Every structure is written in C-alpha cells, then in structure tokens.
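Next comes query-v4.pdb, with PDB, C-alpha atoms and all ligand atoms.
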```
ATOM      1  CA  MET Q   1      14.616  22.044 -19.004
ATOM      2  CA  GLU Q   2      13.750  22.115 -15.343
ATOM      3  CA  SER Q   3      15.348  19.388 -13.321
ATOM      4  CA  ILE Q   4      12.977  19.129 -10.453
ATOM      5  CA  LEU Q   5      10.615  16.242  -9.916
ATOM      6  CA  ARG Q   6       7.020  16.907  -8.967
ATOM      7  CA  ILE Q   7       5.090  14.289  -7.059
ATOM      8  CA  ALA Q   8       1.358  14.494  -6.388
ATOM      9  CA  ILE Q   9       0.009  13.045  -3.165
ATOM     10  CA  GLN Q  10      -3.395  13.055  -1.490
ATOM     11  CA  LYS Q  11      -4.163  16.294   0.319
ATOM     12  CA  LYS Q  12      -6.427  14.800   2.953
ATOM     13  CA  GLY Q  13      -7.592  11.235   3.511
ATOM     14  CA  ARG Q  14      -6.511   7.650   4.042
ATOM     15  CA  LEU Q  15      -3.289   7.951   2.037
ATOM     16  CA  SER Q  16      -1.959  11.403   2.875
ATOM     17  CA  GLU Q  17      -0.154  10.769   6.138
ATOM     18  CA  LYS Q  18       1.430   7.498   5.010
ATOM     19  CA  SER Q  19       2.534   9.041   1.710
ATOM     20  CA  LEU Q  20       4.352  11.820   3.574
ATOM     21  CA  GLN Q  21       5.794   9.253   5.976
ATOM     22  CA  LEU Q  22       7.223   7.231   3.084
ATOM     23  CA  LEU Q  23       8.886  10.329   1.615
ATOM     24  CA  LYS Q  24      10.288  11.154   5.032
ATOM     25  CA  GLU Q  25      11.694   7.655   5.532
ATOM     26  CA  ALA Q  26      13.190   7.927   2.052
ATOM     27  CA  GLY Q  27      15.257  10.763   3.513
ATOM     28  CA  ILE Q  28      13.269  13.622   2.003
ATOM     29  CA  SER Q  29      12.467  16.586   4.268
ATOM     30  CA  ILE Q  30       9.381  18.575   3.435
ATOM     31  CA  SER Q  31       9.016  21.720   5.465
ATOM     32  CA  ASN Q  32       5.364  22.750   5.523
ATOM     33  CA  GLY Q  33       2.454  20.366   5.964
ATOM     34  CA  SER Q  34      -0.345  19.571   3.563
ATOM     35  CA  SER Q  35      -2.208  22.778   4.349
ATOM     36  CA  ARG Q  36      -0.887  24.410   1.194
ATOM     37  CA  LEU Q  37      -1.100  23.345  -2.432
ATOM     38  CA  LYS Q  38       2.598  22.614  -2.754
ATOM     39  CA  ALA Q  39       5.774  22.203  -0.761
ATOM     40  CA  GLN Q  40       9.434  21.981  -1.639
ATOM     41  CA  ALA Q  41      11.846  19.382  -0.270
ATOM     42  CA  SER Q  42      14.936  20.928   1.270
ATOM     43  CA  ASN Q  43      17.390  18.101   0.519
ATOM     44  CA  PHE Q  44      16.179  16.584  -2.775
ATOM     45  CA  PRO Q  45      15.002  18.293  -5.989
ATOM     46  CA  LEU Q  46      11.400  17.402  -5.301
ATOM     47  CA  GLU Q  47       8.207  19.407  -5.157
ATOM     48  CA  VAL Q  48       5.124  17.892  -3.552
ATOM     49  CA  LEU Q  49       1.666  18.802  -4.855
ATOM     50  CA  PHE Q  50      -1.228  18.161  -2.467
ATOM     51  CA  LEU Q  51      -4.317  17.195  -4.471
ATOM     52  CA  ARG Q  52      -7.608  15.318  -4.239
ATOM     53  CA  ASP Q  53      -6.686  11.696  -4.962
ATOM     54  CA  ASP Q  54      -9.302  11.551  -7.733
ATOM     55  CA  ASP Q  55      -7.483  14.326  -9.607
ATOM     56  CA  ILE Q  56      -4.017  12.766  -9.401
ATOM     57  CA  PRO Q  57      -4.252  10.417 -12.441
ATOM     58  CA  GLN Q  58      -5.115  13.301 -14.745
ATOM     59  CA  TYR Q  59      -2.368  15.598 -13.429
ATOM     60  CA  VAL Q  60       0.212  12.819 -13.748
ATOM     61  CA  ALA Q  61      -0.981  11.741 -17.202
ATOM     62  CA  GLU Q  62      -0.730  15.321 -18.434
ATOM     63  CA  GLY Q  63       2.705  15.817 -16.906
ATOM     64  CA  VAL Q  64       1.740  18.520 -14.392
ATOM     65  CA  ALA Q  65       3.330  16.122 -11.903
ATOM     66  CA  GLN Q  66       5.766  13.445 -13.045
ATOM     67  CA  ALA Q  67       4.817  11.014 -10.292
ATOM     68  CA  GLY Q  68       1.955  10.356  -7.922
ATOM     69  CA  ILE Q  69       1.026   8.269  -4.914
ATOM     70  CA  LEU Q  70      -2.562   7.047  -4.859
ATOM     71  CA  GLY Q  71      -4.806   4.018  -4.605
ATOM     72  CA  GLU Q  72      -4.828   1.416  -7.378
ATOM     73  CA  ASN Q  73      -8.621   1.752  -7.275
ATOM     74  CA  VAL Q  74      -8.497   5.387  -8.390
ATOM     75  CA  VAL Q  75      -5.950   4.621 -11.125
ATOM     76  CA  ALA Q  76      -8.153   1.795 -12.425
ATOM     77  CA  GLU Q  77     -11.290   3.929 -12.404
ATOM     78  CA  LYS Q  78      -9.812   6.961 -14.121
ATOM     79  CA  ALA Q  79      -8.013   4.952 -16.842
ATOM     80  CA  PHE Q  80      -5.521   7.718 -17.652
ATOM     81  CA  PRO Q  81      -2.207   6.642 -19.215
ATOM     82  CA  VAL Q  82       0.018   6.497 -16.129
ATOM     83  CA  GLU Q  83       2.588   3.803 -15.449
ATOM     84  CA  THR Q  84       2.586   1.809 -12.199
ATOM     85  CA  LYS Q  85       6.128   1.840 -10.812
ATOM     86  CA  LEU Q  86       5.859   0.424  -7.316
ATOM     87  CA  GLU Q  87       3.333  -1.195  -4.995
ATOM     88  CA  LEU Q  88       3.701   0.633  -1.708
ATOM     89  CA  GLY Q  89       2.058  -1.868   0.659
ATOM     90  CA  PHE Q  90      -0.085   0.604   2.606
ATOM     91  CA  ALA Q  91      -3.699   1.806   2.375
ATOM     92  CA  LYS Q  92      -4.777  -1.738   1.610
ATOM     93  CA  CYS Q  93      -8.497  -1.953   0.959
ATOM     94  CA  ARG Q  94     -11.047  -3.504  -1.343
ATOM     95  CA  LEU Q  95     -13.750  -2.149  -3.595
ATOM     96  CA  SER Q  96     -16.855  -4.102  -2.661
ATOM     97  CA  LEU Q  97     -20.552  -4.376  -3.288
ATOM     98  CA  ALA Q  98     -22.677  -4.008  -0.188
ATOM     99  CA  ILE Q  99     -26.388  -4.285   0.519
ATOM    100  CA  PRO Q 100     -28.656  -3.712   3.552
ATOM    101  CA  ARG Q 101     -27.689  -6.177   6.275
ATOM    102  CA  GLU Q 102     -31.143  -7.748   6.703
ATOM    103  CA  ILE Q 103     -31.440  -8.891   3.069
ATOM    104  CA  ASP Q 104     -30.578 -12.523   2.187
ATOM    105  CA  TYR Q 105     -27.971 -12.516  -0.541
ATOM    106  CA  PRO Q 106     -28.175 -15.366  -3.080
ATOM    107  CA  GLY Q 107     -25.263 -14.263  -5.315
ATOM    108  CA  PRO Q 108     -24.472 -11.629  -7.948
ATOM    109  CA  GLN Q 109     -27.832 -12.195  -9.674
ATOM    110  CA  TRP Q 110     -29.422 -10.344  -6.745
ATOM    111  CA  PHE Q 111     -28.256  -7.144  -8.432
ATOM    112  CA  GLU Q 112     -30.240  -7.864 -11.636
ATOM    113  CA  GLY Q 113     -32.466  -4.846 -12.296
ATOM    114  CA  LYS Q 114     -31.264  -3.131  -9.122
ATOM    115  CA  LYS Q 115     -29.744   0.326  -8.647
ATOM    116  CA  VAL Q 116     -26.194   0.578  -7.270
ATOM    117  CA  ALA Q 117     -24.679   3.842  -6.015
ATOM    118  CA  THR Q 118     -20.934   4.299  -6.470
ATOM    119  CA  THR Q 119     -18.064   6.680  -7.132
ATOM    120  CA  TYR Q 120     -16.476   3.895  -9.220
ATOM    121  CA  PRO Q 121     -18.914   3.482 -12.141
ATOM    122  CA  GLY Q 122     -16.240   2.272 -14.584
ATOM    123  CA  ILE Q 123     -14.894  -0.580 -12.458
ATOM    124  CA  LEU Q 124     -18.405  -1.516 -11.322
ATOM    125  CA  GLN Q 125     -19.717  -1.694 -14.886
ATOM    126  CA  GLN Q 126     -16.878  -4.040 -15.884
ATOM    127  CA  PHE Q 127     -17.611  -6.276 -12.925
ATOM    128  CA  LEU Q 128     -21.336  -6.426 -13.677
ATOM    129  CA  GLU Q 129     -20.643  -7.256 -17.335
ATOM    130  CA  LYS Q 130     -18.278 -10.049 -16.327
ATOM    131  CA  GLU Q 131     -20.985 -11.456 -14.031
ATOM    132  CA  GLY Q 132     -23.646 -11.049 -16.731
ATOM    133  CA  VAL Q 133     -25.779  -8.870 -14.458
ATOM    134  CA  HIS Q 134     -27.790  -5.889 -15.670
ATOM    135  CA  ALA Q 135     -27.924  -3.252 -12.978
ATOM    136  CA  GLN Q 136     -28.237   0.499 -13.056
ATOM    137  CA  THR Q 137     -25.239   2.393 -11.725
ATOM    138  CA  GLU Q 138     -25.973   5.611  -9.931
ATOM    139  CA  SER Q 139     -22.781   7.649 -10.083
ATOM    140  CA  ILE Q 140     -22.420   9.963  -7.087
ATOM    141  CA  SER Q 141     -19.447  11.889  -5.781
ATOM    142  CA  GLY Q 142     -19.411  10.990  -2.086
ATOM    143  CA  SER Q 143     -21.193   9.603   1.000
ATOM    144  CA  VAL Q 144     -22.121   6.554  -1.018
ATOM    145  CA  GLU Q 145     -22.856   4.535   2.127
ATOM    146  CA  VAL Q 146     -26.020   6.513   2.920
ATOM    147  CA  ALA Q 147     -27.606   5.869  -0.505
ATOM    148  CA  PRO Q 148     -29.623   2.727   0.409
ATOM    149  CA  GLY Q 149     -30.889   4.307   3.652
ATOM    150  CA  ILE Q 150     -32.368   7.310   1.851
ATOM    151  CA  GLY Q 151     -33.835   5.271  -1.006
ATOM    152  CA  LEU Q 152     -31.390   6.444  -3.662
ATOM    153  CA  ALA Q 153     -30.154   2.923  -4.446
ATOM    154  CA  ASP Q 154     -30.613  -0.750  -3.499
ATOM    155  CA  GLY Q 155     -26.931  -1.342  -2.869
ATOM    156  CA  ILE Q 156     -23.566   0.352  -3.096
ATOM    157  CA  CYS Q 157     -20.104  -0.279  -4.511
ATOM    158  CA  ASP Q 158     -17.470   1.439  -2.394
ATOM    159  CA  ILE Q 159     -14.092   1.190  -0.682
ATOM    160  CA  VAL Q 160     -13.995  -0.978   2.423
ATOM    161  CA  SER Q 161     -11.035  -0.833   4.728
ATOM    162  CA  THR Q 162     -11.965  -1.694   8.331
ATOM    163  CA  GLY Q 163     -15.631  -2.194   7.442
ATOM    164  CA  SER Q 164     -16.806   0.271  10.078
ATOM    165  CA  THR Q 165     -18.456   2.620   7.567
ATOM    166  CA  LEU Q 166     -20.588  -0.254   6.250
ATOM    167  CA  PHE Q 167     -21.370  -1.427   9.759
ATOM    168  CA  THR Q 168     -22.546   1.943  11.035
ATOM    169  CA  ASN Q 169     -24.782   2.304   7.977
ATOM    170  CA  GLY Q 170     -26.474  -1.075   8.361
ATOM    171  CA  LEU Q 171     -24.823  -2.574   5.284
ATOM    172  CA  LYS Q 172     -22.980  -5.852   4.634
ATOM    173  CA  GLU Q 173     -20.268  -6.642   2.120
ATOM    174  CA  VAL Q 174     -21.368  -9.250  -0.431
ATOM    175  CA  GLU Q 175     -18.864  -9.179  -3.333
ATOM    176  CA  THR Q 176     -15.248  -8.081  -3.679
ATOM    177  CA  VAL Q 177     -14.898  -6.193  -6.947
ATOM    178  CA  MET Q 178     -11.178  -5.393  -6.688
ATOM    179  CA  ARG Q 179      -8.344  -5.295  -4.155
ATOM    180  CA  SER Q 180      -6.277  -2.174  -3.862
ATOM    181  CA  GLN Q 181      -3.287  -0.597  -2.145
ATOM    182  CA  ALA Q 182      -1.273   2.573  -2.561
ATOM    183  CA  ILE Q 183       0.978   2.635  -5.628
ATOM    184  CA  LEU Q 184       3.560   4.964  -7.123
ATOM    185  CA  VAL Q 185       2.675   6.000 -10.667
ATOM    186  CA  ALA Q 186       4.743   7.832 -13.256
ATOM    187  CA  SER Q 187       3.872  10.175 -16.078
ATOM    188  CA  PRO Q 188       4.441   9.315 -19.740
ATOM    189  CA  GLN Q 189       5.682  12.911 -20.028
ATOM    190  CA  MET Q 190       8.991  13.756 -18.403
ATOM    191  CA  ASN Q 191      12.461  14.779 -19.385
ATOM    192  CA  GLN Q 192      15.639  12.758 -18.883
ATOM    193  CA  ALA Q 193      16.668  14.620 -15.763
ATOM    194  CA  GLN Q 194      13.277  13.972 -14.211
ATOM    195  CA  GLU Q 195      13.478  10.307 -15.166
ATOM    196  CA  ALA Q 196      16.824  10.068 -13.391
ATOM    197  CA  LEU Q 197      15.373  11.745 -10.297
ATOM    198  CA  LEU Q 198      12.427   9.376 -10.312
ATOM    199  CA  GLU Q 199      14.829   6.418 -10.473
ATOM    200  CA  GLN Q 200      16.614   7.769  -7.398
ATOM    201  CA  LEU Q 201      13.337   8.207  -5.580
ATOM    202  CA  ILE Q 202      12.225   4.659  -6.476
ATOM    203  CA  PHE Q 203      15.570   3.274  -5.285
ATOM    204  CA  ARG Q 204      15.103   4.962  -1.922
ATOM    205  CA  MET Q 205      11.475   3.889  -1.590
ATOM    206  CA  GLN Q 206      12.410   0.289  -2.361
ATOM    207  CA  ALA Q 207      15.029   0.378   0.390
ATOM    208  CA  VAL Q 208      12.368   1.582   2.846
ATOM    209  CA  LEU Q 209       9.696  -0.903   1.726
ATOM    210  CA  ARG Q 210      12.092  -3.862   1.844
ATOM    211  CA  ALA Q 211      13.165  -2.886   5.359
ATOM    212  CA  ARG Q 212       9.548  -2.523   6.530
ATOM    213  CA  LYS Q 213       8.868  -6.148   5.662
ATOM    214  CA  ARG Q 214      11.884  -7.544   7.502
ATOM    215  CA  LYS Q 215      13.474  -7.798  10.942
ATOM    216  CA  TYR Q 216      17.052  -7.982  12.105
ATOM    217  CA  ILE Q 217      17.603 -11.001  14.363
ATOM    218  CA  LEU Q 218      20.400 -11.486  16.876
ATOM    219  CA  LEU Q 219      20.697 -14.667  18.905
ATOM    220  CA  ASN Q 220      23.186 -16.704  20.891
ATOM    221  CA  ALA Q 221      23.688 -20.375  20.077
ATOM    222  CA  PRO Q 222      26.069 -23.230  20.835
ATOM    223  CA  ASN Q 223      28.623 -23.542  18.022
ATOM    224  CA  GLU Q 224      27.463 -27.023  16.962
ATOM    225  CA  ALA Q 225      23.984 -25.597  16.202
ATOM    226  CA  ILE Q 226      25.257 -22.851  13.870
ATOM    227  CA  PRO Q 227      24.971 -24.863  10.589
ATOM    228  CA  ALA Q 228      21.364 -25.893  11.325
ATOM    229  CA  ILE Q 229      20.364 -22.379  12.413
ATOM    230  CA  SER Q 230      22.024 -20.879   9.328
ATOM    231  CA  GLN Q 231      19.856 -23.142   7.201
ATOM    232  CA  LEU Q 232      16.724 -21.955   8.963
ATOM    233  CA  LEU Q 233      17.726 -18.276   8.739
ATOM    234  CA  PRO Q 234      19.878 -17.818   5.642
ATOM    235  CA  GLY Q 235      19.573 -14.024   5.715
ATOM    236  CA  MET Q 236      20.734 -11.757   2.904
ATOM    237  CA  LYS Q 237      23.776 -13.813   1.943
ATOM    238  CA  SER Q 238      24.495 -15.914   4.999
ATOM    239  CA  PRO Q 239      24.296 -15.074   8.703
ATOM    240  CA  THR Q 240      27.059 -13.194  10.480
ATOM    241  CA  VAL Q 241      28.634 -15.411  13.156
ATOM    242  CA  LEU Q 242      30.695 -13.798  15.925
ATOM    243  CA  PRO Q 243      32.351 -15.692  18.787
ATOM    244  CA  LEU Q 244      31.046 -15.000  22.286
ATOM    245  CA  ALA Q 245      33.479 -14.572  25.189
ATOM    246  CA  GLU Q 246      32.039 -17.809  26.563
ATOM    247  CA  GLU Q 247      33.814 -20.752  24.935
ATOM    248  CA  GLY Q 248      31.722 -22.862  22.534
ATOM    249  CA  TRP Q 249      29.089 -20.170  21.920
ATOM    250  CA  SER Q 250      28.485 -17.709  19.107
ATOM    251  CA  SER Q 251      26.253 -14.765  18.353
ATOM    252  CA  LEU Q 252      24.393 -15.068  15.046
ATOM    253  CA  HIS Q 253      22.964 -12.036  13.164
ATOM    254  CA  THR Q 254      20.601 -12.297  10.241
ATOM    255  CA  VAL Q 255      17.679 -10.680   8.390
ATOM    256  CA  VAL Q 256      14.285 -12.355   7.897
ATOM    257  CA  HIS Q 257      10.684 -11.654   7.033
ATOM    258  CA  GLU Q 258       8.907 -11.300  10.345
ATOM    259  CA  GLN Q 259       6.510 -14.137   9.513
ATOM    260  CA  GLU Q 260       9.373 -16.501   8.646
ATOM    261  CA  PHE Q 261      10.887 -15.736  12.026
ATOM    262  CA  TRP Q 262       7.714 -16.777  13.883
ATOM    263  CA  ASP Q 263       7.484 -19.875  11.687
ATOM    264  CA  VAL Q 264      10.907 -21.139  12.842
ATOM    265  CA  ILE Q 265      10.999 -19.837  16.411
ATOM    266  CA  ASP Q 266      10.237 -23.265  17.975
ATOM    267  CA  GLN Q 267      12.938 -24.966  15.907
ATOM    268  CA  LEU Q 268      15.429 -22.257  16.871
ATOM    269  CA  LYS Q 269      14.758 -22.835  20.545
ATOM    270  CA  LYS Q 270      15.054 -26.624  20.135
ATOM    271  CA  LEU Q 271      18.457 -26.086  18.494
ATOM    272  CA  GLY Q 272      19.564 -24.236  21.613
ATOM    273  CA  ALA Q 273      19.203 -20.604  20.520
ATOM    274  CA  GLU Q 274      18.757 -18.164  23.392
ATOM    275  CA  GLY Q 275      18.854 -14.438  24.077
ATOM    276  CA  ILE Q 276      16.971 -13.794  20.837
ATOM    277  CA  LEU Q 277      16.590 -10.113  19.874
ATOM    278  CA  VAL Q 278      14.341  -8.884  17.050
ATOM    279  CA  THR Q 279      14.730  -5.301  15.879
ATOM    280  CA  ASN Q 280      13.434  -3.060  13.116
ATOM    281  CA  ILE Q 281      15.486  -2.274  10.042
ATOM    282  CA  GLU Q 282      15.382   1.277   8.741
ATOM    283  CA  LYS Q 283      16.649   0.842   5.156
ATOM    284  CA  MET Q 284      17.694  -2.219   3.207
ATOM    285  CA  ILE Q 285      19.703  -2.157  -0.016
ATOM    286  CA  LEU Q 286      20.447  -5.412  -1.803
TER     287      LEU Q 286
HETATM  288  C1  LIG N 301     -13.577   5.110   1.726
HETATM  289  C2  LIG N 301     -15.086   4.839   1.644
HETATM  290  C3  LIG N 301     -15.544   4.889   3.079
HETATM  291  C4  LIG N 301     -14.321   4.506   3.863
HETATM  292  C5  LIG N 301     -14.385   3.059   4.287
HETATM  293  O1  LIG N 301     -13.298   6.439   1.453
HETATM  294  O2  LIG N 301     -15.750   5.770   0.843
HETATM  295  O3  LIG N 301     -15.956   6.184   3.421
HETATM  296  O4  LIG N 301     -13.177   4.701   3.021
HETATM  297  O5  LIG N 301     -13.425   2.771   5.281
HETATM  298  P1  LIG N 301     -13.762   1.808   6.493
HETATM  299  O6  LIG N 301     -14.168   0.459   5.922
HETATM  300  O7  LIG N 301     -12.485   1.702   7.268
HETATM  301  O8  LIG N 301     -14.867   2.416   7.296
HETATM  302  P2  LIG N 301     -11.838   6.944   0.985
HETATM  303  O9  LIG N 301     -10.901   6.905   2.161
HETATM  304  O10 LIG N 301     -11.399   6.177  -0.202
HETATM  305  O11 LIG N 301     -12.058   8.457   0.672
HETATM  306  P3  LIG N 301     -12.473   9.199  -0.675
HETATM  307  O12 LIG N 301     -13.448   8.302  -1.359
HETATM  308  O13 LIG N 301     -13.064  10.477  -0.166
HETATM  309  O14 LIG N 301     -11.225   9.430  -1.454
HETATM  310 ZN    ZN N 302     -11.095  10.137  -3.265
END
```

Structure translated into structure tokens:
Amino acid sequence: MESILRIAIQKKGRLSEKSLQLLKEAGISISNGSSRLKAQASNFPLEVLFLRDDDIPQYVAEGVAQAGILGENVVAEKAFPVETKLELGFAKCRLSLAIPREIDYPGPQWFEGKKVATTYPGILQQFLEKEGVHAQTESISGSVEVAPGIGLADGICDIVSTGSTLFTNGLKEVETVMRSQAILVASPQMNQAQEALLEQLIFRMQAVLRARKRKYILLNAPNEAIPAISQLLPGMKSPTVLPLAEEGWSSLHTVVHEQEFWDVIDQLKKLGAEGILVTNIEKMIL
C-alpha cells in the first residue's frame, strides 16, 4: 500500500493562499505553486492536489485524496461522507440571503412565492423549509450577485465575507443561513499508514492554530506583585519568573490569548508591571 497522504486544497480563490500558508507553517515545503494540478512536499510524505473547492468533497469521499481543506459551506452543501477533523479559523464567512437594497424587508415571509438564485440549493432549501417559506430556488453555477439586476431572481443566497460584492451590486443582507470557516476534512477511505500521516499533520496544524490565537508576554514587575500578576496571567502551567539584576524586581513570562491580555492590561499596570513586551508564538504544543 502506498504510504503517502494526499490533501486536496482550493486551486484559486478565498482559501487557496491561506491553505498553503497553513501547510507551510506546519513545516511542510511545497516546491511549485498552484499553477499545476499537483505538487509534492519535499520534507513530508504529502502530495497536494489543487482543485475547485466544489469538487473537493467528492474527491475526498471517494478516497482520491485522503484529506481536504475547504469551507464548511461547501461540505454542508455537497453532503458527501467526509469527516470534519479540525476547524481552521480562517476564511470565515456566512451564507446569507440578500435582496435589492431599496426593498423594505419584513422578515423571511418576504421570500414566499419569490425566486432565489444560489449555488447552494441544498442548504437554502433546508433553511426555507425550517422557516415555512415556499420559494423557488434557481440553481446557478456562479455570479449569483448579478441575478436580481438582470431579472433572473428576486433575491440571492450566497457567501458574504466583507460584504463588498453585495454592496457593489445594490443588494443588502437580510438573513444569515449559515456561518462557515475553513475546515480540514478526512476521507472514510484510507489505509493505516495514511491515517498515521494524517494524525501527524493534524498534530502540526493544531500547534500552529493554537499559537496563532495566543501571544507570549514578557514584563517586569516588583516582586510583591508577582502572586497577583500570576493570577491574572496563569499561562500554560504557571508563569516563568526570573530575577532582574535590580534588587526587588523580576521578569515574568507567560502565554495568553491576545484578548485576555487586553482585558487585564489596566490591572497589570496598576500592579506595577512595566516594560511589557507582546510577541507572536510560532508553534505551541501542550
Ligand atoms: C463568494 C461569493 C462572492 C464573494 C463575497 O465567492 O460568491 O463572490 O465570495 O465576498 P465579499 O463579501 O468579501 O465581497 P467564493 O469566494 O466562495 O468563491 P466561489 O463561490 O467561486 O468558490
Ligand atoms: Zn467554489
């Protein structure tokens, strides 16, 4: 049996660059860019397939690739048997209903008897059923946002990230149908060696994702403030405390979520902390 892991990522689009970046930060070097169909990693038994995101669920379900990185929205729409392994925290967006900006929107019942253009007919249909609304879904393969302007549909159901596509097309978002982000999915079909490789890859990705969410903090504080500061910033186990050359002072090192740091910054200063440094962490293993 071959012991190489194949991962499918988006060839071109919102996810492609960040997917490659994640692999790179996980210590995997891929020589050629996404211009070709596939590329081989030089320092890990991994082959990368560059595909249209919409095709990834099928390839992974059928075991052509053992893993894939794509949006939750595409996985939900395609409904192929793939297993979600990891939420990757990038390419955050929502699948929303939108209508022409000038129309007053009373609620989901507005869509009763209307025509909605989308590339996500499955998810949309479920949403409409849940809301008890009967609308016609017009399934198209792209440029959904122009549908109302050319008279193809009354509204649309599409991915919104910054909202600029809706804005430039004179549309407004009126309902959130689902929230989505990039995820790592796995195939139901792989051999033991591939499963072991996937575990290694997941371990590395987790170390990167954990580190992305946190900061390394260094600060100086008077010794009597160390217990109170340690309570505010407990870190991974407990903070590292090193004596400064100046008598009565210590340097304290710890790891926190960036938001938690901003939440306690005023208290830290009141306790006498000074010379506070905040730096990025590259990998974090628990
Ligand atoms: C979505 C959607 C819009 C755009 C919205 O496409 O179809 O074109 O993103 O982003 P914005 O709110 O920042 O303007 P997507 O990237 O999912 O591409 P795809 O449908 O071709 O896969
Ligand atoms: Zn797509």

Compile the contact shell of stretch 174-178 of chain Q as a ChimeraX atom specification: residues with an atom at most 12 Å away, counting only C-alpha atoms, same-chain residues fewer than 4 positions apart removed.
-> /Q:71-74,76-77,92-101,103-111,120-131,155-161,166

Go through the shown structure with the PyMOL selection byres (((chain Q and resi 217) around 7) and not hetatm) and write out the matching residues as a PyMOL selection string.
-> chain Q and resi 215-216+218-219+253-255+277-279

Using all atoms listed in the file, tabulate the residues of chain Q lying at most 8 Å from any atom of ligand LIG 301 (chain N), each with its closest atom pair and that distance in Å to one decimal, by chain and increasing residue number, as JSON lines.
```
{"residue": "Q:Gly13", "atom": "CA", "partner": "N:LIG301", "partner_atom": "O9", "distance": 5.6}
{"residue": "Q:Arg14", "atom": "CA", "partner": "N:LIG301", "partner_atom": "O9", "distance": 4.8}
{"residue": "Q:Leu15", "atom": "CA", "partner": "N:LIG301", "partner_atom": "O9", "distance": 7.7}
{"residue": "Q:Arg52", "atom": "CA", "partner": "N:LIG301", "partner_atom": "O14", "distance": 7.5}
{"residue": "Q:Asp53", "atom": "CA", "partner": "N:LIG301", "partner_atom": "O14", "distance": 6.2}
{"residue": "Q:Asp54", "atom": "CA", "partner": "N:LIG301", "partner_atom": "O14", "distance": 6.9}
{"residue": "Q:Cys93", "atom": "CA", "partner": "N:LIG301", "partner_atom": "O6", "distance": 7.9}
{"residue": "Q:Thr119", "atom": "CA", "partner": "N:LIG301", "partner_atom": "O12", "distance": 7.6}
{"residue": "Q:Gly142", "atom": "CA", "partner": "N:LIG301", "partner_atom": "O12", "distance": 6.6}
{"residue": "Q:Ser143", "atom": "CA", "partner": "N:LIG301", "partner_atom": "O2", "distance": 6.7}
{"residue": "Q:Val144", "atom": "CA", "partner": "N:LIG301", "partner_atom": "O2", "distance": 6.7}
{"residue": "Q:Glu145", "atom": "CA", "partner": "N:LIG301", "partner_atom": "O3", "distance": 7.2}
{"residue": "Q:Asp158", "atom": "CA", "partner": "N:LIG301", "partner_atom": "O2", "distance": 5.7}
{"residue": "Q:Ile159", "atom": "CA", "partner": "N:LIG301", "partner_atom": "C2", "distance": 4.4}
{"residue": "Q:Val160", "atom": "CA", "partner": "N:LIG301", "partner_atom": "O6", "distance": 3.8}
{"residue": "Q:Ser161", "atom": "CA", "partner": "N:LIG301", "partner_atom": "O6", "distance": 3.6}
{"residue": "Q:Thr162", "atom": "CA", "partner": "N:LIG301", "partner_atom": "O7", "distance": 3.6}
{"residue": "Q:Gly163", "atom": "CA", "partner": "N:LIG301", "partner_atom": "O6", "distance": 3.4}
{"residue": "Q:Ser164", "atom": "CA", "partner": "N:LIG301", "partner_atom": "O8", "distance": 4.0}
{"residue": "Q:Thr165", "atom": "CA", "partner": "N:LIG301", "partner_atom": "O8", "distance": 3.6}
{"residue": "Q:Leu166", "atom": "CA", "partner": "N:LIG301", "partner_atom": "O8", "distance": 6.4}
{"residue": "Q:Phe167", "atom": "CA", "partner": "N:LIG301", "partner_atom": "O8", "distance": 7.9}
```

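Listed by chain and then by number, the residues chosen by the PyMOL selection byres (((chain Q and resi 250) around 6) and not hetatm) in this file are Q:Asn220, Q:Ala221, Q:Asn223, Q:Leu242, Q:Pro243, Q:Leu244, Q:Trp249, Q:Ser251.
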
Run the PyMOL selection byres (((chain Q and resi 210) around 12) and not hetatm) against the file shown and list the residues it catches, as a PDB file with C-alpha atoms, keeping the file's coordinate frame.
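What landed in result20.pdb:
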```
ATOM      1  CA  ALA Q  26      13.190   7.927   2.052  1.00  0.00           C
ATOM      2  CA  LEU Q  86       5.859   0.424  -7.316  1.00  0.00           C
ATOM      3  CA  GLU Q  87       3.333  -1.195  -4.995  1.00  0.00           C
ATOM      4  CA  LEU Q  88       3.701   0.633  -1.708  1.00  0.00           C
ATOM      5  CA  GLY Q  89       2.058  -1.868   0.659  1.00  0.00           C
ATOM      6  CA  ILE Q 202      12.225   4.659  -6.476  1.00  0.00           C
ATOM      7  CA  PHE Q 203      15.570   3.274  -5.285  1.00  0.00           C
ATOM      8  CA  ARG Q 204      15.103   4.962  -1.922  1.00  0.00           C
ATOM      9  CA  MET Q 205      11.475   3.889  -1.590  1.00  0.00           C
ATOM     10  CA  GLN Q 206      12.410   0.289  -2.361  1.00  0.00           C
ATOM     11  CA  ALA Q 207      15.029   0.378   0.390  1.00  0.00           C
ATOM     12  CA  VAL Q 208      12.368   1.582   2.846  1.00  0.00           C
ATOM     13  CA  LEU Q 209       9.696  -0.903   1.726  1.00  0.00           C
ATOM     14  CA  ALA Q 211      13.165  -2.886   5.359  1.00  0.00           C
ATOM     15  CA  ARG Q 212       9.548  -2.523   6.530  1.00  0.00           C
ATOM     16  CA  LYS Q 213       8.868  -6.148   5.662  1.00  0.00           C
ATOM     17  CA  ARG Q 214      11.884  -7.544   7.502  1.00  0.00           C
ATOM     18  CA  LYS Q 215      13.474  -7.798  10.942  1.00  0.00           C
ATOM     19  CA  MET Q 236      20.734 -11.757   2.904  1.00  0.00           C
ATOM     20  CA  VAL Q 255      17.679 -10.680   8.390  1.00  0.00           C
ATOM     21  CA  VAL Q 256      14.285 -12.355   7.897  1.00  0.00           C
ATOM     22  CA  HIS Q 257      10.684 -11.654   7.033  1.00  0.00           C
ATOM     23  CA  GLU Q 258       8.907 -11.300  10.345  1.00  0.00           C
ATOM     24  CA  ASN Q 280      13.434  -3.060  13.116  1.00  0.00           C
ATOM     25  CA  ILE Q 281      15.486  -2.274  10.042  1.00  0.00           C
ATOM     26  CA  GLU Q 282      15.382   1.277   8.741  1.00  0.00           C
ATOM     27  CA  LYS Q 283      16.649   0.842   5.156  1.00  0.00           C
ATOM     28  CA  MET Q 284      17.694  -2.219   3.207  1.00  0.00           C
ATOM     29  CA  ILE Q 285      19.703  -2.157  -0.016  1.00  0.00           C
ATOM     30  CA  LEU Q 286      20.447  -5.412  -1.803  1.00  0.00           C
TER      31      LEU Q 286
END
```

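For the atom pair formed by atom CA of Q:Phe44 and atom CA of Q:Ser180, the distance is 29.3 Å, given to one decimal.
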
Which residue, Q:Phe80, Q:Gln192, Q:Ala67, Q:Gly151, has the smallest gap to Q:Lys115 when you use only C-alpha atoms?
-> Q:Gly151
